[in-house]
Structure formats: structure tokens, C-alpha cells
Amino acid sequence: MHEYILSLVVWVPILAGVLVLATGSDRHASLARWIALAGSLAGLAVAIPLYSDFDTSTSAMQFVEKTPWIPALHVFYHLGVDGISMPLVLLNSFTTVLVVIAGWQVIQDRVAQYMAAFLIMSGLINGAFAALDGILFYVFFEGMLIPLYLIVGVWGGPNRVYAAFKFFLYTLAGSLLMLVSFIYLYFQSGGSFDIQTWHGTPLGMTAQTLMFLAFLLAFGVKVPMWPVHTWLPDAHVEAPTGGSVVLAAITLKVGAYGFLRFILPIVPDASEQLAWLVITLSLIAVAYIGLVALVQSDMKKLIAYSSIAHMGFVTLGFFLFNPLGVEGGLVQMISHGFVSAALFLCIGVMYDRLHSRQIKDYGGLVNKMPVFAAFFMLFAMANAGLPATSGFVGEFMVIMAAAEVNFWYAFVAATTLIFGAAYTLWMYKRVVFGNVANPHVEDMSDLNAREWLLMAVLAICVLGMGLYPKPFTDVMHVSVVDLLAHVAQSKLP
Amino acid sequence: MNLMSFAPALPEIFVLVMVSLILVIDAAVDDSRRYLAFALSLATLAGAAFLTARGMSSMPVLALNGLFIDDPLSDVLKLFLYLATAVVLVYSRDYLRHRGLYKGEFFVLALFALLGMMVMVSASHFLTLYLGLELLSLSLYAMVALQRDSSVATEAAMKYFVLGALASGMLLYGMSMVYGVTGSLALADIAQNLADGTDLRIPLVFGIVFIVAGLAFKLGAVPFHMWVPDVYHGAPTAMTLFIGSAPKIAAFAFVVRILGEGLESQVAEWRDMLAILAVLSMAVGNIAAIAQSNLKRMFAYSTISHMGFMLLGILAGTQNGYGSAMFYVLVYALMSMGGFGMILLLSRAGFESDRLVDFKGLNRRSPWLAFVMLLLMFSMAGIPPTVGFHAKLSVLQAVVEIGHVWLAVVAVIFSLVGAFYYLRIVKLMYFDEPHDSTTVTARLDVRTLMSANGLAVLALGVMPQPLMAVCLYAVGASF
């Protein structure tokens with residue numbers, strides 16, 4: 001059984017998606033919804049053994065599968081997870097269920113294609129997290145662009161075509177240079193696409209620097225880091241709610257994951273030497289993008305910019321080279337997965353009722369939607385990093401780690417506590433409190449059962465992780481320590 | 001010379017006999033029995049495939065006084081040529097019928113072109129190479145001009161003929177110089193002679209330049225590409241489909257036979273020439289394709305860029321390089337057949353579905369065909385999990401292997417540019433509303449073949465090993 005878990009985690013959602021496509025048509029939309037729900041739940045169910053049977057005492061890859069895939073090119077179908085990737089696989093499988101439920105009534109047009117796109121993408125993303133072969137990783141990494149392109153372009157807002165193209169071409173631009181790096185590594189490592197072999201391949205400083213830049217572009221676009229972040233607000237604003245949720249909660253994490261799986265261990269010397277670059281870009285993202293978020297009038301854009309600022313914390317944590325920082329970054333990734341998903345769902349709830357994302361169209365929502373206002377409050381607080389929510393844990397760990405390295409890093413990073421609170425709470429105040437500003441708000445009804453369920457599940461996750469993060473940090477600790485020990489060794493020949 | 005020495009050329013002889021037969025039979029039947037020529041052509045392809053498969057040998061066999069070679073490379077490529085020709089015939093049928101071109105001439109010319117390609121693939125001598133090339137080219141000129149009353153098609157045929165003749169002249173001139181240096185026209189002797197060293201460097205290099213220029217003309221590589229968009233656009237789509245598929249496979253064989261076998265020792269001379277051609281082709285092809293509003297023209301420019309990519313594999317000059325170029329060209333033929341086949345499938349009597357806007361909202365009209373086209377477009381763009389990605393990957397690998405990382409970087413940058421216009425087709429099909437609500441009425445056999453074509457792109461993307469192994473096997477026995 002254990003030998004096939006990861007294959008199941010990858011292929012169950014994909015096959016479920018194909019099934020939805022094959023059986024679903026717009027006349028039988030509800031059938032497509034139920035099959036999609038069953039498929040996403042099955043996808044989550046097969047992923048649970050990854051957590052329950054995970055050995056937290058080792059940093060070695062677990063649940064490993066390895067068979068030749070393309071012998072002519074020495075490419076293997078090689079899957080495995082460690083403490084870094086396993087939580088991300090779970091997060092992805094979990095989010096897929098939420099997305100399917102979130103799109104239940106909202107999507108009425110081409111339902112089967114919508115659900116299938118999400119399921120297939122979920123499987124591909126799991127594959128990217130679990131792949132231990134460079135080409136296999138690349139196939140999943142690029143393959144996930146196709147469904148996301150369609151999701152943004154088909155079900156998105158008025159400016160969706162521009163957003164879909166921008167998102168696709170930005171991401172492709174980054175990853176193509178990474179592909180060249182992979183091929184170069186193949187020859188340097190004596191004919192292997194195995195990522196763990198690459199971890200031990202000696203490389204000269206010039207090669208390391210060039211590859212570092214190629215990887216930084218590939219993953220930095222995906223994260224996204226300042227200044228290659230501009231695709232994200234566009235894509236978020238235009239994407240349907242489900243698309244925004246997956247984009248923020250999952251695909252950004254694929255980029256951050258790439259830093260830990262590729263950049264740090266494969267080019268450690270260049271990483272150390274160019275850490276200042278990543279740290280600077282991260283701090284700009286934290287401070288500057290926080291200010292940009294403050295002036296947004298569109299709620300989705302505001303949350304999109306807040307995502308960039310929060311991901312800045314993640315990359316900052318990774319390049320402090322101490323366990324606290326890296327673990328803080330990982331915790332922040334998971335937490336941001338919950339919080340950003342919840343906030344985009346909240347905006348989706350409002351948008352479904354009023355068909356506007358502009359802050360000025362709202363006001364006094366608490367009078368009409370008290371339950372919603374309470375949930376929204378919790379998630380807004382989590383986004384601002386309030387203690388006892390998951391948002392606090394990661395940020396606090398990273399700031400502590402930064403203070404150990406350099407006081408000023410910590411100082412700039414800590415400004416997020418002010419900016420984050422400012423833009424989130426100010427938006428919250430304008431949308432929820434005050435007098436009913438718009439006659440349409442009068443007609444708004446509170447959460448229905450489906451929405452309540454989504455909010456409640458995410459609220460439990462946010463609070464649970466905020467109050468007791470130990471299960472998460474336990475899982476990743478050994479892998480992180482081992483990773484940093486590896487990074488500390490020079491690979492110069 | 002006894003009768004047995006003709007044995008390796010049995011498929012060619014069979015095709016020639018059958019073409020003559022079809023010519024005679026077709027002249028005797030009236031319009032209601034045109035399917036006879038169609039059925040006989042398919043039977044010819046099946047018979048030739050049988051003969052080729054039966055005569056397969058793992059060792060190269062020289063025949064006809066060293067003019068003709070039967071090796072795994074030629075056998076494998078011939079099988080793919082038959083397949084491609086058969087697919088072209090099935091796709092073209094309704095289109096030709098609606099335009100009054102469903103005549104015996106089309107089938108006869110297509111089979112003559114096939115015969116030319118078979119000779120090119122199996123040639124081991126400058127003479128046979130040239131004969132095969134001319135047989136192919138003359139058939140293609142005539143095919144383009146088959147629609148006599150279309151001024152665009154006639155103009156295209158004229159351009160094709162004039163520039164094609166010029167290219168043939170260059171090639172012959174180059175060949176004659178190589179002959180002057182080595183004293184032989186047989187590829188094996190030339191290779192032997194050049195490997196021993198020659199002090200006639202200048203005529204030799206001149207000869208190589210002319211040969212490469214001639215080949216570049218035939219491939220449509222920049223800066224010898226001017227005829228490609230006009231011919232692709234002007235020719236009836238069925239002919240464009242044919243020009244864009246099988247002849248590319250034959251052209252690959254032609255190039256590796258001359259450069260890889262005959263001029264193997266001069267790799268240092270032609271590698272840089274091919275590198276320039278490849279970079280220019282990828283640049284011009286991909287950038288110019290963006291500006292096109294006609295799908296056939298867009299595919300023409302995309303062909304130019306794909307040929308540039310394939311040249312990358314050849315210029316590596318290694319077994320892996322030739323193998324990856326062969327994989328690339330087979331995959332390209334598959335995708336190109338799908339792309340042009342889709343235009344044919346969506347065309348009706350009096351309506352050419354060859355403008356970009358004709359693909360608007362295809363997902364509303366026929367979700368399945370839109371999905372097939374989506375697979376083809378992503379494959380042409382080289383996005384996994386379609387086979388186009390593996391084709392690009394193996395070529396890039398071959399280039400990095402010889403240490404030309406910069407070429408790989410240039411190639412991926414231009415394939416990023418290329419992704420834009422393929423994505424635009426997907427955008428038209430999926431994001432836009434249709435402006436033409438006619439239901440697609442295509443025959444079941446064409447639909448099935450089109451589905452198989454699209455799914456093959458995905459299936460080979462998930463499982464590329466068998467085709468890759470075939471390519472490496474074919475190349476491995478010859479180089």
C-alpha cells in the first residue's frame with residue numbers, strides 16, 4: 001500500500017477530473033458537481049496516510065516510488081516526500097475540496113470543465129511537490145499552467161484575457177531558463193535528472209551564480225517576489241473565486257517550495273553569497289507592497305498585494321539560514337494558505353451577492369450579515385498577524401530569526417505588523433462597519449449552509465494552527481535541520 | 001547485376017507500379033467512381049508498408065551499385081512517410097470533393113511525391129538524392145497549382161517553382177564542388193575521402209556553403225524562407241497539409257544523409273552555419289507568426305521556427321543530436337497534420353476555415369474538437385505534458401551536450417515568444433464567443449482520425465519512450 005500512496009495522491013484527482021469531463025455536460029451539471037466532490041474527497045482521503053504514517057524522526061524521503069519513465073533521456077518517475085513537501089501536499093488536497101464546494105452554486109456555465117480543471121490541477125500540483133526527478137517536476141510545474149490559464153480565461157472577469165496571458169507568459173518565462181539549468185545539471189552530475197543527486201553535485205561559482213539567477217527568476221515569478229509580482233494582482237482580480245483561492249493558497253507555494261528543494265541545496269554557495277539580494281527583495285515586498293496594499297480600492301487586489309507581502313516573509317525566512325527562519329517561512333506558507341483562501345472566499349461571498357469588489361460599494365455589512373462579519377473579522381485578524389491565529393506564528397518566528405542575524409532586517413520585517421494591520425483592518429472597517437452605504441447592501445442575506453461550512457472549517461484551521469502549531473513544526477523540523485546542514489557545506493570543486 | 005540486387009528497392013518499385021496503375025485506371029472511370037483512386041492509394045501505402053516492414057534489416061545494405069541504401073533509418077522513416085501520407089489523404093477527401101479537386105491527379109501526384117521522398121530517404125549517392133528531391137519538388141509544384149482557376153494558388157505555385165529551382169541549382173553547384181574536391185558522388189566515398197584529409201579547403205568550404213544554402217531553402221530556414229508563407233497560404237489547404245507533413249520528414253533524412261554521413265568530418269564547418277540558420281529561423285518564425293491573422297500563414301511561420309529547432313539537433317552532430325532531431329521532426333509532422341487537418345475538418349463547401357477568427361468559440365460549438373486543438377497548440381508551444389515538450393527537451397539536451405548552452409538559452413527565449421501565438425488560438429477557442437454557430441459536420445472517419453491525432457500528442461507526451469527508442473535505434477545503426 002505504502003508504495004503507491006503518492007501515485008494515488010497525484011492520479012486520483014487527475015482521473016476524477018477526466019471522469020468529470022467525460023460524464024459531465026451542462027445539462028447534468030449537478031452530476032458533475034457530485035463527482036467532483038467525491039473525487040476531491042477521495043484525493044484528500046488518499047493523502048491522509050502521508051501524515052498519519054509519516055516518520056518525523058528522519059529527513060530521508062518517504063513513500064518513495066521510482067521506476068524508469070523515459071530511459072532514452074534517463075528520466076525517472078520518481079516520487080517521494082519529506083517534512084518540507086508533505087504538509088504542502090496535504091494543504092493542496094484540502095484546498096481542492098474547499099474550491100469544489102465554493103464553486104457549487106456560483107459556477108453555472110460549463111460546470112464540468114470548471115470542476116475538471118481544478119481536479120486536474122490539484123493532481124499536477126501534488127505531483128510538483130512530490131517529484132524527485134527534475135524533468136518530472138518540470139512536467140508537473142508547467143502542466144499546471146494549462147488548467148489555471150483556462151480557469152482565469154474562461155470563468156474570469158472582464159479583463160480576463162489580459163490577465164491569463166500575462167500570468168502564463170510570466171511563469172513560462174521564468175521556468176524555461178530553469179529547464180536549461182536542469183539540462184546543464186544533467187551533464188554536470190554525470191547524466192542524472194535526480195534532484196537528490198543534484199544536491200551533491202559540485203559546481204563552480206560562475207555556474208552556481210548563473211543557475212541561482214535562473215532559479216530565482218523561475219521561482220521568484222511564481223512566489224511572486226518584487227519586482228516580478230505584477231502578474232499576481234491582475235490574475236487575482238480577474239480569476240473566479242476558486243481560481244483566486246488556488247492561486248494564493250497553493251500555486252504561490254510551489255514557488256516557495258522551489259527555493260527549498262532547488263535553490264538552497266543545489267547552489268548553496270551562490271545562495272549564501274547572493275542572500276543579500278533575496279533578503280532585500282523580500283524586505284521590499286514586505287514594506288513597500290504593504291504600503292501599496294493600503295491604497296487599493298478593489299478588495300481582491302488588496303488581498304493579492306497582501307499575499308505578496310506575506311510571501312516576502314517566506315523568502316526572507318528561507319535566506320536567514322537558521323532553522324527558526326526556515327521553519328517560520330514554512331509555517332507562514334501553510335498559514336497563508338488558510339488565511340488567503342479564507343479571505344478570497346469571504347470576498348467571493350460578498351461578490352456573489354453584490355457583484356462588486358470595490359470597497360466603496362460596501363459598508364454596514366454587519367447589520368445584514370452578522371455571522372459573516374464575525375468570520376471575516378477572524379480572518380482579517382489572522383491576516384494582520386494577531387496572536388492566537390496562525391498568521392502570528394510564522395511571522396513571529398521569522399522576525400525572531402531575523403533579529404538573530406541583523407537587527408535592521410527584523411526592524412523592517414516588523415513593519416508588516418503595522419502595515420498589515422492597517423490595510424486589513426481599514427478595509428474591514430470600511431466594508432463591514434458604519435452605516436449601510438448602498439441600497440443593495442440592504443438586500444444582502446447572511447451565509448448559507450454551504451458557505452458557513454467553508455468558513456467554519458477554515459476558522460478551525462486558522463485558530464488551531466495559531467494556538468498549537470507544534471504538529472506542523474514537528475513534521476518539518478528534522479528535514480529543515482538536515483537541509484541547513486547540507487546548505488552549510490560548500491559545493492565548490 | 002542480377003535481379004536480386006533490386007530487392008532492397010522493392011517498396012519503391014511497388015509504389016511506382018501502383019502509381020502507373022492508378023493513372024490508367026483513373027483515366028477510365030467516371031466521376032462517380034473516384035473513390036477507386038482513393039482506395040487504391042491507401043492500398044498502395046499499406047502494401048508498401050508491408051514490403052518495407054518485411055524487408056527491414058538491422059544492418060545497412062547497399063544496392064544498385066551503391067546508389068541506394070536500405071538501413072534502419074530509411075525503413076523507419078519510410079513507415080512514417082506512409083502513415084503521414086495516408087493521414088493526409090483521409091483528411092483531404094471531403095475538402096477536395098467540395099472544391100472539385102477530387103481527381104485522380106491528386107492521388108497520383110501525392111504518390112509520386114511519396115516515391116520521391118522514399119528515394120531521398122534511401123539515397124546514398126548525390127545523384128539519387130537529387131533525383132528523389134526533384135521528383136518530390138515537381139510533384140509538389142503541380143499539386144499547389146492543381147486548383148487552376150485560383151489565382152492565389154497559381155501565384156503560390158509559381159513562387160514555389162522559381163525559388164525551388166533556384167535552391168536546386170545551388171544544391172547542385174555545391175555538390176559539384178564537393179565532387180571536384182573528393183572525386184566521388186557516393187556519400188560513403190566522400191566521407192572516406194574527406195576523413196583522410198584534403199588540401200583543397202577553399203573549394204570544399206564553398207561547396208558546403210552552397211549545399212547548406214540549398215538545404216536551407218528546401219527546409220524553409222531563415223534567410224531562405226520567403227517562399228514558405230506564400231506557398232502555405234496560397235495552396236489549397238489539403239496541399240498545405242501535405243507539404244507541411246511528410247516532406248519535412250524526408251527533408252530531415254536528406255539533411256542528415258548529406259551533412260551527417262557525407263560531410264561528417266566537416267562538422268566544424270557546417271555547425272556554425274546551421275547555428276546561424278537555426279537562431280534566425282527561431283527568431284523570425286516566432287516573431288512574424290504573432291502578426292498573422294490567417295492560420296495557414298501563422299502555421300507557415302511556426303514551421304520556420306520548428307525547422308530552426310530541428311536544426312539545433314542536427315548541428316549537434318552526435319548520435320543523440322540526430323536522434324533528437326528525428327524525434328522532433330516526427331512529432332512536428334504529427335502536430336502539423338493535426339493543425340492543418342483541423343482547418344480542413346472545419347471547412348465546408350465555399351468556406352475556408354483558415355482565419356484565426358474562424359476558431360472563435362469552438363469550445364461552444366464542439367468541446368471535443370476544441371480540446372483536441374488545445375492539445376495540439378500546447379504541444380506546438382512545447383508545454384508538458386504534451387509530446388512537444390519532450391521534442392524540445394531532447395533537442396536542447398543534445399545542444400547542451402556539445403557545450404552550446406547559449407544556443408539552448410536562445411532557443412527557450414524564442415519558444416517563449418512562440419507560446420504567445422499558440423495561446424492566442426486557445427484563447428479564441430475557449431474565451432471568446434462563436435461568431436459562426438454552424439455545427440461541425442465532419443465525417444466520422446475524419447473525426448476519429450483527428451481524435452486519434454490529438455490524443456497521440458498527449459499519449460506520446462505521457463509515454464514518449466517508445467518513439468524515442470525507435471528514433472535512437474534508427475539513427476544508431478547509421479551513424
# chains A, B, ... in the order shown; residues from 1 in each chain; ligands from 1

call {"tool": "interface_residues", "arguments": {"of": "chain B", "to": "chain A", "cutoff": "8 Å", "atoms": "only C-alpha atoms", "output": "list in words"}}
result
Ile383, Pro384, Pro385, Ser394, Leu396, Gln397, Val400, Glu401, Val405, Ala408, Val409, Val412, Ile413, Leu416, Ala419, Phe420, Leu423, Lys427, Tyr430, Phe431, Met463, Pro464, Gln465, Met468 and Ala469 of chain B

call {"tool": "residues_around", "arguments": {"residues": "segment 42-54 of chain B", "least_positions_apart": "3", "cutoff": "10 Å", "atoms": "only C-alpha atoms", "output": "VMD selection string"}}
result
chain B and resid 8 to 19 22 36 to 39 57 70 74 to 76 78 to 83 85 to 87 89 to 90 107 111 114

call {"tool": "residues_around", "arguments": {"residues": "Phe319 of chain A", "least_positions_apart": "5", "cutoff": "12 Å", "atoms": "only C-alpha atoms", "output": "ChimeraX atom specification"}}
result
/A:256,259-260,263-265,268,270-283,312-314,324-329,398,401-402,405,409,484,487

call {"tool": "closest_residue", "arguments": {"among": "A:Ala422, A:Ile101, A:Leu185, A:Cys461", "to": "Thr197 of chain A", "atoms": "only C-alpha atoms"}}
result
A:Leu185

call {"tool": "residues_around", "arguments": {"residues": "segment 96-104 of chain B", "least_positions_apart": "3", "cutoff": "7 Å", "atoms": "only C-alpha atoms", "output": "list in words"}}
result
Leu23, Asp26, Arg34, Ala37, Ser92, Arg93, Phe107, Val108, Gln147 and Ala349 of chain B

call {"tool": "closest_residue", "arguments": {"among": "B:Gly317, B:Gly234, B:Gly308, B:Gly388", "to": "Val284 of chain B", "atoms": "only C-alpha atoms"}}
result
B:Gly308

call {"tool": "atom_distance", "arguments": {"atom1": "atom CA of Thr171 of chain A", "atom2": "atom CA of Asp234 of chain A"}}
result
13.6 Å

call {"tool": "atom_distance", "arguments": {"atom1": "atom CA of Thr198 of chain B", "atom2": "atom CA of Gly260 of chain B"}}
result
18.2 Å

call {"tool": "select_by_dssp", "arguments": {"residues": "segment 19-88 of chain B", "states": "alpha helix (DSSP H)", "output": "MDAnalysis selection string"}}
result
chainID B and resid 19:28 35:54 72:88

call {"tool": "select_by_dssp", "arguments": {"residues": "segment 69-187 of chain A", "states": "strand (DSSP E or B)", "output": "short mmCIF file (atom, residue, chain, number, x, y, z; two decimals) with N, CA and C atoms, in the first residue's frame"}}
result
data_model
loop_
_atom_site.label_atom_id
_atom_site.label_comp_id
_atom_site.auth_asym_id
_atom_site.auth_seq_id
_atom_site.Cartn_x
_atom_site.Cartn_y
_atom_site.Cartn_z
N TRP A 69 11.01 6.16 -16.51
CA TRP A 69 9.91 6.74 -17.29
C TRP A 69 10.34 6.90 -18.74
N ILE A 70 11.41 7.67 -18.97
CA ILE A 70 11.91 7.81 -20.34
C ILE A 70 13.38 7.38 -20.30
N VAL A 75 15.20 9.71 -17.58
CA VAL A 75 14.22 10.36 -16.73
C VAL A 75 13.44 9.28 -16.00
N PHE A 76 13.26 9.52 -14.69
CA PHE A 76 12.57 8.53 -13.88
C PHE A 76 11.25 9.08 -13.37
N TYR A 77 10.31 8.17 -13.18
CA TYR A 77 9.09 8.52 -12.45
C TYR A 77 9.43 8.32 -10.99
N HIS A 78 9.89 9.38 -10.34
CA HIS A 78 10.47 9.27 -9.00
C HIS A 78 9.72 10.22 -8.08
N LEU A 79 8.97 9.64 -7.15
CA LEU A 79 8.19 10.46 -6.21
C LEU A 79 8.66 10.18 -4.79
N GLY A 80 8.49 11.17 -3.93
CA GLY A 80 8.80 11.00 -2.51
C GLY A 80 8.54 12.31 -1.79
N VAL A 81 8.26 12.22 -0.51
CA VAL A 81 8.05 13.47 0.25
C VAL A 81 8.91 13.45 1.50
N ALA A 131 7.58 15.32 -6.77
CA ALA A 131 8.53 14.84 -7.78
C ALA A 131 9.96 14.95 -7.27
N ASP A 133 12.41 13.89 -9.50
CA ASP A 133 13.18 13.90 -10.74
C ASP A 133 12.95 15.26 -11.39
#

call {"tool": "residues_around", "arguments": {"residues": "Thr230 of chain A", "least_positions_apart": "2", "cutoff": "12 Å", "atoms": "only C-alpha atoms", "output": "count of residues only"}}
result
27

call {"tool": "decode", "arguments": {"residues": "segment 80-114 of chain B", "atoms": "N, CA and C atoms", "output": "compact mmCIF listing (two decimals), in the first residue's frame"}}
result
# COMPACT_ATOMS: atom_id res chain seq x y z
N PHE B 80 6.96 5.93 -41.45
CA PHE B 80 6.29 7.16 -41.02
C PHE B 80 5.80 7.97 -42.23
N LEU B 81 6.53 7.90 -43.34
CA LEU B 81 6.07 8.59 -44.55
C LEU B 81 4.75 8.02 -45.04
N TYR B 82 4.64 6.67 -45.02
CA TYR B 82 3.38 6.06 -45.46
C TYR B 82 2.25 6.53 -44.55
N LEU B 83 2.53 6.49 -43.25
CA LEU B 83 1.49 6.86 -42.29
C LEU B 83 1.04 8.30 -42.53
N ALA B 84 2.02 9.18 -42.67
CA ALA B 84 1.68 10.60 -42.85
C ALA B 84 0.88 10.79 -44.13
N THR B 85 1.32 10.12 -45.21
CA THR B 85 0.59 10.28 -46.47
C THR B 85 -0.84 9.77 -46.33
N ALA B 86 -1.00 8.64 -45.66
CA ALA B 86 -2.35 8.09 -45.50
C ALA B 86 -3.23 9.07 -44.73
N VAL B 87 -2.69 9.63 -43.66
CA VAL B 87 -3.48 10.58 -42.87
C VAL B 87 -3.86 11.78 -43.73
N VAL B 88 -2.92 12.25 -44.52
CA VAL B 88 -3.21 13.40 -45.40
C VAL B 88 -4.36 13.07 -46.35
N LEU B 89 -4.32 11.87 -46.93
CA LEU B 89 -5.36 11.51 -47.90
C LEU B 89 -6.73 11.48 -47.23
N VAL B 90 -6.79 10.91 -46.03
CA VAL B 90 -8.10 10.81 -45.36
C VAL B 90 -8.61 12.21 -44.99
N TYR B 91 -7.73 13.04 -44.45
CA TYR B 91 -8.14 14.39 -44.05
C TYR B 91 -8.64 15.20 -45.26
N SER B 92 -7.98 15.01 -46.40
CA SER B 92 -8.22 15.90 -47.53
C SER B 92 -9.49 15.58 -48.30
N ARG B 93 -10.01 14.38 -48.14
CA ARG B 93 -11.02 13.85 -49.04
C ARG B 93 -12.20 14.80 -49.26
N ASP B 94 -12.87 15.17 -48.14
CA ASP B 94 -14.08 15.99 -48.29
C ASP B 94 -13.75 17.37 -48.82
N TYR B 95 -12.64 17.89 -48.35
CA TYR B 95 -12.22 19.22 -48.79
C TYR B 95 -12.04 19.25 -50.30
N LEU B 96 -11.37 18.22 -50.81
CA LEU B 96 -11.13 18.16 -52.25
C LEU B 96 -12.43 18.00 -53.02
N ARG B 97 -13.30 17.17 -52.50
CA ARG B 97 -14.56 16.92 -53.17
C ARG B 97 -15.36 18.22 -53.32
N HIS B 98 -15.40 19.00 -52.21
CA HIS B 98 -16.18 20.23 -52.25
C HIS B 98 -15.61 21.27 -53.20
N ARG B 99 -14.36 21.12 -53.56
CA ARG B 99 -13.73 22.12 -54.41
C ARG B 99 -13.43 21.61 -55.81
N GLY B 100 -13.99 20.47 -56.15
CA GLY B 100 -13.79 19.92 -57.48
C GLY B 100 -12.36 19.48 -57.75
N LEU B 101 -11.61 19.17 -56.69
CA LEU B 101 -10.23 18.72 -56.88
C LEU B 101 -10.08 17.23 -56.62
N TYR B 102 -11.21 16.58 -56.38
CA TYR B 102 -11.16 15.16 -56.03
C TYR B 102 -10.98 14.36 -57.30
N LYS B 103 -9.75 14.38 -57.80
CA LYS B 103 -9.47 13.75 -59.08
C LYS B 103 -8.28 12.81 -58.92
N GLY B 104 -8.13 11.98 -59.88
CA GLY B 104 -7.02 11.04 -59.85
C GLY B 104 -5.67 11.74 -59.77
N GLU B 105 -5.58 12.93 -60.39
CA GLU B 105 -4.30 13.64 -60.41
C GLU B 105 -3.75 13.85 -59.01
N PHE B 106 -4.65 14.21 -58.10
CA PHE B 106 -4.18 14.48 -56.74
C PHE B 106 -3.49 13.26 -56.15
N PHE B 107 -4.14 12.11 -56.31
CA PHE B 107 -3.58 10.90 -55.71
C PHE B 107 -2.29 10.50 -56.41
N VAL B 108 -2.29 10.63 -57.73
CA VAL B 108 -1.09 10.26 -58.48
C VAL B 108 0.09 11.16 -58.07
N LEU B 109 -0.20 12.46 -57.99
CA LEU B 109 0.88 13.39 -57.61
C LEU B 109 1.35 13.12 -56.19
N ALA B 110 0.40 12.86 -55.29
CA ALA B 110 0.79 12.59 -53.90
C ALA B 110 1.68 11.35 -53.84
N LEU B 111 1.32 10.32 -54.62
CA LEU B 111 2.14 9.10 -54.56
C LEU B 111 3.48 9.30 -55.25
N PHE B 112 3.50 10.09 -56.31
CA PHE B 112 4.81 10.39 -56.93
C PHE B 112 5.69 11.15 -55.94
N ALA B 113 5.07 12.09 -55.24
CA ALA B 113 5.83 12.82 -54.22
C ALA B 113 6.35 11.86 -53.17
N LEU B 114 5.49 10.92 -52.79
CA LEU B 114 5.92 9.93 -51.80
C LEU B 114 7.11 9.13 -52.33
